[in-house]
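Right, one structure below, let's go through it.
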Amino acid sequence: MNRCYAALFLMSAIAGGTLPLEAQQKFPPEKFVNLQVFPNDATPGAVINTMKNFTRALGVRCQFCHVGEEGMPLEQFDFVADTKPEKQTARIMMRMASDINAQISKAMPDAASKGYQVTCFTCHRGAQHPQHVPQ
């Protein structure tokens with residue numbers, strides 16, 4: 001299926017004369033750029049695994065935070081762009097969860113080993129917006 005999309009994209013790009021910059025990327029890249037919450041030396045595997053956890057925790061796909069369309073090969077997504085507000089929100093939420101987990105670990109040094117940590121799923125429960133307990 002990806003070959004079909006790639007072939008169609010390549011034919012349309014040739015007809016148009018040039019390939020857009022984002023289509024010339026490979027996925028996964030050897031190194032991610034524009035990392036603002038992850039360490040700059042984070043491996044692509046670690047970043048991708050975290051992104052997969054986000055998609056499961058929020059019930060979304062890559063295009064929820066990143067510039068791209070459902071069905072496009074990942075090589076054509078603009079993962080570097082910061083144009084979607086959801087990407088900024090994700091960064092804020094990552095920092096918040098990290099801060100909360102640091103406080104929990106300070107109060108309970110064995111918290112992480114016991115699985116007492118806040119994750120996206122803690123509040124989202126598979127939904128795009130946090131789920132609240134009914135009244």
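Following the order of the structure tokens, first chain is A, next is B, and so on, with residues numbered from 1 inside each chain and ligands from 1 in the order they appear.
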
Can you list, as a PDB file with C-alpha atoms, in the first residue's frame, every protein, DNA or RNA residue that comes within 12 Å of Pro44 (chain A) when you count only C-alpha atoms, leaving out same-chain residues fewer than 3 positions away?
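Final file, selection-v3.pdb:
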ATOM      1  CA  LYS A  26      13.601   9.255   5.188  1.00  0.00           C
ATOM      2  CA  PHE A  27      11.655   7.847   8.062  1.00  0.00           C
ATOM      3  CA  PRO A  28      12.761   7.217  10.614  1.00  0.00           C
ATOM      4  CA  PRO A  29      15.554   9.739  10.345  1.00  0.00           C
ATOM      5  CA  GLU A  30      18.970   9.001  11.763  1.00  0.00           C
ATOM      6  CA  LYS A  31      18.483  11.912  14.160  1.00  0.00           C
ATOM      7  CA  PHE A  32      15.468  14.022  14.987  1.00  0.00           C
ATOM      8  CA  VAL A  33      15.643  17.813  14.887  1.00  0.00           C
ATOM      9  CA  LEU A  35      13.403  18.278  19.917  1.00  0.00           C
ATOM     10  CA  PHE A  38      13.225  15.049  24.553  1.00  0.00           C
ATOM     11  CA  PRO A  39      17.004  15.156  25.048  1.00  0.00           C
ATOM     12  CA  ASN A  40      18.786  16.190  21.843  1.00  0.00           C
ATOM     13  CA  ASP A  41      20.580  12.839  21.795  1.00  0.00           C
ATOM     14  CA  VAL A  47      11.148   9.027  20.293  1.00  0.00           C
ATOM     15  CA  ILE A  48       9.028   6.799  18.050  1.00  0.00           C
ATOM     16  CA  ASN A  49       8.106   4.474  20.937  1.00  0.00           C
ATOM     17  CA  THR A  50       7.002   7.479  22.990  1.00  0.00           C
ATOM     18  CA  MET A  51       4.966   8.792  20.050  1.00  0.00           C
TER      19      MET A  51
END

What is the CA of Gln88 (chain A)-CA of Pro73 (chain A) distance in Å, reported with one decimal?
-> 23.1 Å

Kindly provide the residues of region 30-58 of chain A that approach region 101-121 of chain A to within 12 Å, each paired with its closest atom pair and their distance in Å to one decimal, based on only C-alpha atoms, listed by chain and increasing number, as a tab-separated table.
residue	atom	partner	partner_atom	distance
A:Thr50	CA	A:Cys120	CA	10.5
A:Met51	CA	A:Cys120	CA	11.0
A:Lys52	CA	A:Cys120	CA	11.5
A:Asn53	CA	A:Cys120	CA	8.3
A:Phe54	CA	A:Cys120	CA	6.8
A:Thr55	CA	A:Cys120	CA	9.7
A:Arg56	CA	A:Phe121	CA	8.1
A:Ala57	CA	A:Phe121	CA	4.6
A:Leu58	CA	A:Phe121	CA	7.1

Those same residues, written as an mmCIF file, in the first residue's frame with C-alpha atoms?
data_model
loop_
_atom_site.group_PDB
_atom_site.id
_atom_site.type_symbol
_atom_site.label_atom_id
_atom_site.label_comp_id
_atom_site.auth_asym_id
_atom_site.auth_seq_id
_atom_site.Cartn_x
_atom_site.Cartn_y
_atom_site.Cartn_z
ATOM 1 C CA THR A 50 7.002 7.479 22.990
ATOM 2 C CA MET A 51 4.966 8.792 20.050
ATOM 3 C CA LYS A 52 3.285 5.382 19.719
ATOM 4 C CA ASN A 53 2.376 5.571 23.399
ATOM 5 C CA PHE A 54 0.843 9.019 22.789
ATOM 6 C CA THR A 55 -1.273 7.711 19.918
ATOM 7 C CA ARG A 56 -2.614 4.879 22.077
ATOM 8 C CA ALA A 57 -3.191 7.057 25.138
ATOM 9 C CA LEU A 58 -5.114 9.691 23.149
#

Residues flagged alpha helix (DSSP H) by DSSP in region 8-118 of chain A, as number ranges by chain | A: 8-16, 44-58, 85-107

Separation of CA of Ile92 (chain A) from CA of Asp78 (chain A), in Å and rounded to one decimal |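 Taking CA of Ile92 (chain A) as the start and CA of Asp78 (chain A) as the end point, the length is 20.2 Å.
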
Can you pull out every residue within 9 Å of Val37 (chain A), counting only C-alpha atoms, but drop anything in the same chain fewer than 4 positions away, and send it as a PyMOL selection string?
-> chain A and resi 91-92+94-95

Write the residues of the preceding selection, restricted to C-alpha atoms, as a compact mmCIF listing (two decimals), in the first residue's frame.
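File written: part_36.txt
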# COMPACT_ATOMS: atom_id res chain seq x y z
CA ARG A 91 5.06 19.56 24.88
CA ILE A 92 3.37 21.34 27.77
CA MET A 94 5.02 16.17 28.64
CA ARG A 95 6.72 18.72 30.90
